[in-house]
Amino acid sequence: MPHHPSLNEVTEKECSHEWMSLSPQNLTISDWVDSENTEGDRCNMEFIILCGPASSEYDTYSFQSISLNICSVPEKKIQKLEGKFPLGLINFYEKECPTINVNLSEDLFTRLLPFMANDLAGLCVKVSIPRWEDKSAKCLPLLSYQVFYEQQAKI
């Protein structure tokens with residue numbers, strides 16, 4: 001079974017990393033509720049953005065499409081780097097369409113959602129992925145990310 005490193009493990013080894021820019025194309029908002037779920041939340045609301053082809057800056061990672069999950073977490077989790085993947089993760093078990101989870105603060109998420117729902121074209125997302133020597137690891141922490149929304153003024 002492969003070992004999936006935590007953010008702490010990656011930063012302790014001082015791994016190099018590569019930036020990848022994502023091109024959002026389609027937004028899906030869904031909720032999956034399970035009355036039998038006894039661990040975690042019964043509701044599992046997801047904001048999934050399908051992105052087109054993307055490659056990291058040195059082509060270590062290259063994908064035909066990417067599923068970007070935007071998650072809302074308490075800001076203290078991000079500020080204190082709490083948990084195994086406090087900023088998010090990339091899961092590339094599915095080579096055809098890996099999943100990238102980005103943890104946004106609840107405040108940013110709340111402010112960003114109306115813009116994304118109205119016009120996804122203004123959303124810009126860049127993620128930093130570690131170059132981990134163990135190639136059997138298919139789930140890596142994000143080292144950093146940039147998320148911003150840019151809207152052109154209509155004249």
# chains A, B, ... in the order shown; residues from 1 in each chain; ligands from 1

$ select_by_dssp --residues "chain A" --states "strand (DSSP E or B)" --output "PyMOL selection string"
chain A and resi 17-22+24-33+43-51+54-56+62-63+66-73+88-91+99-105+123-130+139-141+144-149

$ closest_atom_pairs --of "region 23-105 of chain A" --to "region 118-127 of chain A" --cutoff "9 Å" --atoms "only C-alpha atoms" --output "Markdown table"
| residue | atom | partner | partner_atom | distance |
| --- | --- | --- | --- | --- |
| A:Ser23 | CA | A:Cys124 | CA | 7.3 |
| A:Pro24 | CA | A:Leu120 | CA | 6.8 |
| A:Gln25 | CA | A:Leu120 | CA | 7.1 |
| A:Asn26 | CA | A:Leu120 | CA | 7.4 |
| A:Leu27 | CA | A:Leu120 | CA | 7.4 |
| A:Ile100 | CA | A:Val127 | CA | 8.9 |
| A:Val102 | CA | A:Val127 | CA | 8.5 |

$ closest_atom_pairs --of "region 19-75 of chain A" --to "region 112-115 of chain A" --cutoff "12 Å" --atoms "only C-alpha atoms" --output "JSON lines"
{"residue": "A:Leu27", "atom": "CA", "partner": "A:Leu113", "partner_atom": "CA", "distance": 10.6}
{"residue": "A:Thr28", "atom": "CA", "partner": "A:Leu113", "partner_atom": "CA", "distance": 11.8}
{"residue": "A:Ile29", "atom": "CA", "partner": "A:Leu113", "partner_atom": "CA", "distance": 10.4}
{"residue": "A:Glu46", "atom": "CA", "partner": "A:Leu113", "partner_atom": "CA", "distance": 12.0}
{"residue": "A:Phe47", "atom": "CA", "partner": "A:Leu113", "partner_atom": "CA", "distance": 9.2}
{"residue": "A:Ile48", "atom": "CA", "partner": "A:Leu113", "partner_atom": "CA", "distance": 11.7}
{"residue": "A:Ile49", "atom": "CA", "partner": "A:Leu113", "partner_atom": "CA", "distance": 11.8}
{"residue": "A:Ile70", "atom": "CA", "partner": "A:Leu113", "partner_atom": "CA", "distance": 9.8}
{"residue": "A:Cys71", "atom": "CA", "partner": "A:Leu113", "partner_atom": "CA", "distance": 11.1}
{"residue": "A:Ser72", "atom": "CA", "partner": "A:Leu113", "partner_atom": "CA", "distance": 10.6}

$ write_last_selection --atoms "C-alpha atoms" --output "PDB file, in the first residue's frame"
ATOM      1  CA  LEU A  27     -19.314  24.239 -12.169  1.00  0.00           C
ATOM      2  CA  THR A  28     -21.409  21.603 -10.410  1.00  0.00           C
ATOM      3  CA  ILE A  29     -22.898  22.129  -6.960  1.00  0.00           C
ATOM      4  CA  GLU A  46     -19.512  19.735  -2.946  1.00  0.00           C
ATOM      5  CA  PHE A  47     -18.502  22.489  -5.319  1.00  0.00           C
ATOM      6  CA  ILE A  48     -16.871  20.706  -8.220  1.00  0.00           C
ATOM      7  CA  ILE A  49     -15.263  22.573 -11.092  1.00  0.00           C
ATOM      8  CA  ILE A  70     -13.467  23.769  -3.601  1.00  0.00           C
ATOM      9  CA  CYS A  71     -13.829  23.085   0.114  1.00  0.00           C
ATOM     10  CA  SER A  72     -14.772  25.509   2.882  1.00  0.00           C
TER      11      SER A  72
END

$ closest_residue --among "A:Asp134, A:Glu82, A:Glu75, A:Glu18" --to "Ser56 (chain A)" --atoms "only C-alpha atoms"
A:Glu18

$ select_by_dssp --residues "region 29-119 of chain A" --states "alpha helix (DSSP H)" --output "ChimeraX atom specification"
/A:75-79,106-118

$ decode --residues "region 54-141 of chain A" --atoms "C-alpha atoms" --output "short mmCIF file (atom, residue, chain, number, x, y, z; two decimals), in the first residue's frame"
data_model
loop_
_atom_site.label_atom_id
_atom_site.label_comp_id
_atom_site.auth_asym_id
_atom_site.auth_seq_id
_atom_site.Cartn_x
_atom_site.Cartn_y
_atom_site.Cartn_z
CA ALA A 54 -3.20 21.26 -17.50
CA SER A 55 0.53 20.65 -17.11
CA SER A 56 2.86 21.65 -14.32
CA GLU A 57 5.58 24.18 -15.13
CA TYR A 58 8.26 21.49 -15.73
CA ASP A 59 5.81 18.92 -17.18
CA THR A 60 6.23 16.48 -14.31
CA TYR A 61 2.44 16.38 -14.08
CA SER A 62 0.21 16.55 -17.14
CA PHE A 63 -3.51 15.79 -17.30
CA GLN A 64 -6.26 15.94 -19.94
CA SER A 65 -8.80 17.21 -17.41
CA ILE A 66 -8.96 17.89 -13.69
CA SER A 67 -11.80 17.84 -11.19
CA LEU A 68 -11.29 20.76 -8.80
CA ASN A 69 -13.16 20.51 -5.49
CA ILE A 70 -13.47 23.77 -3.60
CA CYS A 71 -13.83 23.08 0.11
CA SER A 72 -14.77 25.51 2.88
CA VAL A 73 -12.80 25.13 6.11
CA PRO A 74 -12.31 27.28 9.22
CA GLU A 75 -9.53 29.81 8.62
CA LYS A 76 -7.67 28.62 11.74
CA LYS A 77 -7.16 25.21 10.10
CA ILE A 78 -5.32 26.94 7.24
CA GLN A 79 -3.47 29.46 9.42
CA LYS A 80 -2.21 26.77 11.83
CA LEU A 81 -1.69 24.16 9.09
CA GLU A 82 -3.81 21.66 11.03
CA GLY A 83 -4.32 18.15 9.70
CA LYS A 84 -2.61 16.04 7.06
CA PHE A 85 -3.65 18.20 4.08
CA PRO A 86 -4.54 21.65 5.50
CA LEU A 87 -4.29 23.52 2.18
CA GLY A 88 -5.70 20.72 0.07
CA LEU A 89 -4.41 17.80 -1.95
CA ILE A 90 -4.04 16.31 -5.39
CA ASN A 91 -5.32 12.77 -5.83
CA PHE A 92 -4.25 11.27 -9.15
CA TYR A 93 -5.41 7.68 -8.84
CA GLU A 94 -7.63 8.47 -11.83
CA LYS A 95 -5.01 9.33 -14.47
CA GLU A 96 -7.63 10.57 -16.92
CA CYS A 97 -9.13 13.08 -14.48
CA PRO A 98 -7.35 13.56 -11.15
CA THR A 99 -8.99 15.46 -8.31
CA ILE A 100 -7.55 18.53 -6.66
CA ASN A 101 -9.10 19.66 -3.38
CA VAL A 102 -8.43 23.27 -2.40
CA ASN A 103 -9.34 24.31 1.15
CA LEU A 104 -10.54 27.92 1.21
CA SER A 105 -11.37 29.86 4.35
CA GLU A 106 -15.10 30.03 5.02
CA ASP A 107 -15.02 33.81 4.51
CA LEU A 108 -13.33 33.64 1.11
CA PHE A 109 -15.56 30.77 0.03
CA THR A 110 -18.72 32.72 0.94
CA ARG A 111 -17.53 35.80 -0.96
CA LEU A 112 -16.27 33.86 -3.99
CA LEU A 113 -19.28 31.59 -4.56
CA PRO A 114 -21.68 34.20 -6.06
CA PHE A 115 -19.00 35.28 -8.54
CA MET A 116 -18.24 31.67 -9.56
CA ALA A 117 -21.93 30.87 -9.97
CA ASN A 118 -22.49 33.97 -12.12
CA ASP A 119 -19.40 33.75 -14.36
CA LEU A 120 -16.84 30.98 -13.98
CA ALA A 121 -14.53 32.55 -16.58
CA GLY A 122 -13.13 35.04 -14.06
CA LEU A 123 -11.90 32.36 -11.65
CA CYS A 124 -8.12 31.82 -11.63
CA VAL A 125 -6.58 28.93 -9.69
CA LYS A 126 -2.91 27.94 -9.41
CA VAL A 127 -1.67 25.13 -7.19
CA SER A 128 1.81 24.10 -6.10
CA ILE A 129 2.45 20.33 -6.15
CA PRO A 130 5.49 18.71 -4.50
CA ARG A 131 7.82 16.51 -6.53
CA TRP A 132 7.76 13.48 -4.26
CA GLU A 133 10.36 10.76 -4.90
CA ASP A 134 8.02 7.85 -4.10
CA LYS A 135 6.08 7.49 -7.37
CA SER A 136 3.63 5.01 -5.80
CA ALA A 137 2.11 7.89 -3.77
CA LYS A 138 -0.98 8.99 -5.68
CA CYS A 139 -2.15 11.56 -3.16
CA LEU A 140 0.06 14.57 -2.37
CA PRO A 141 -0.52 17.69 -0.27
#
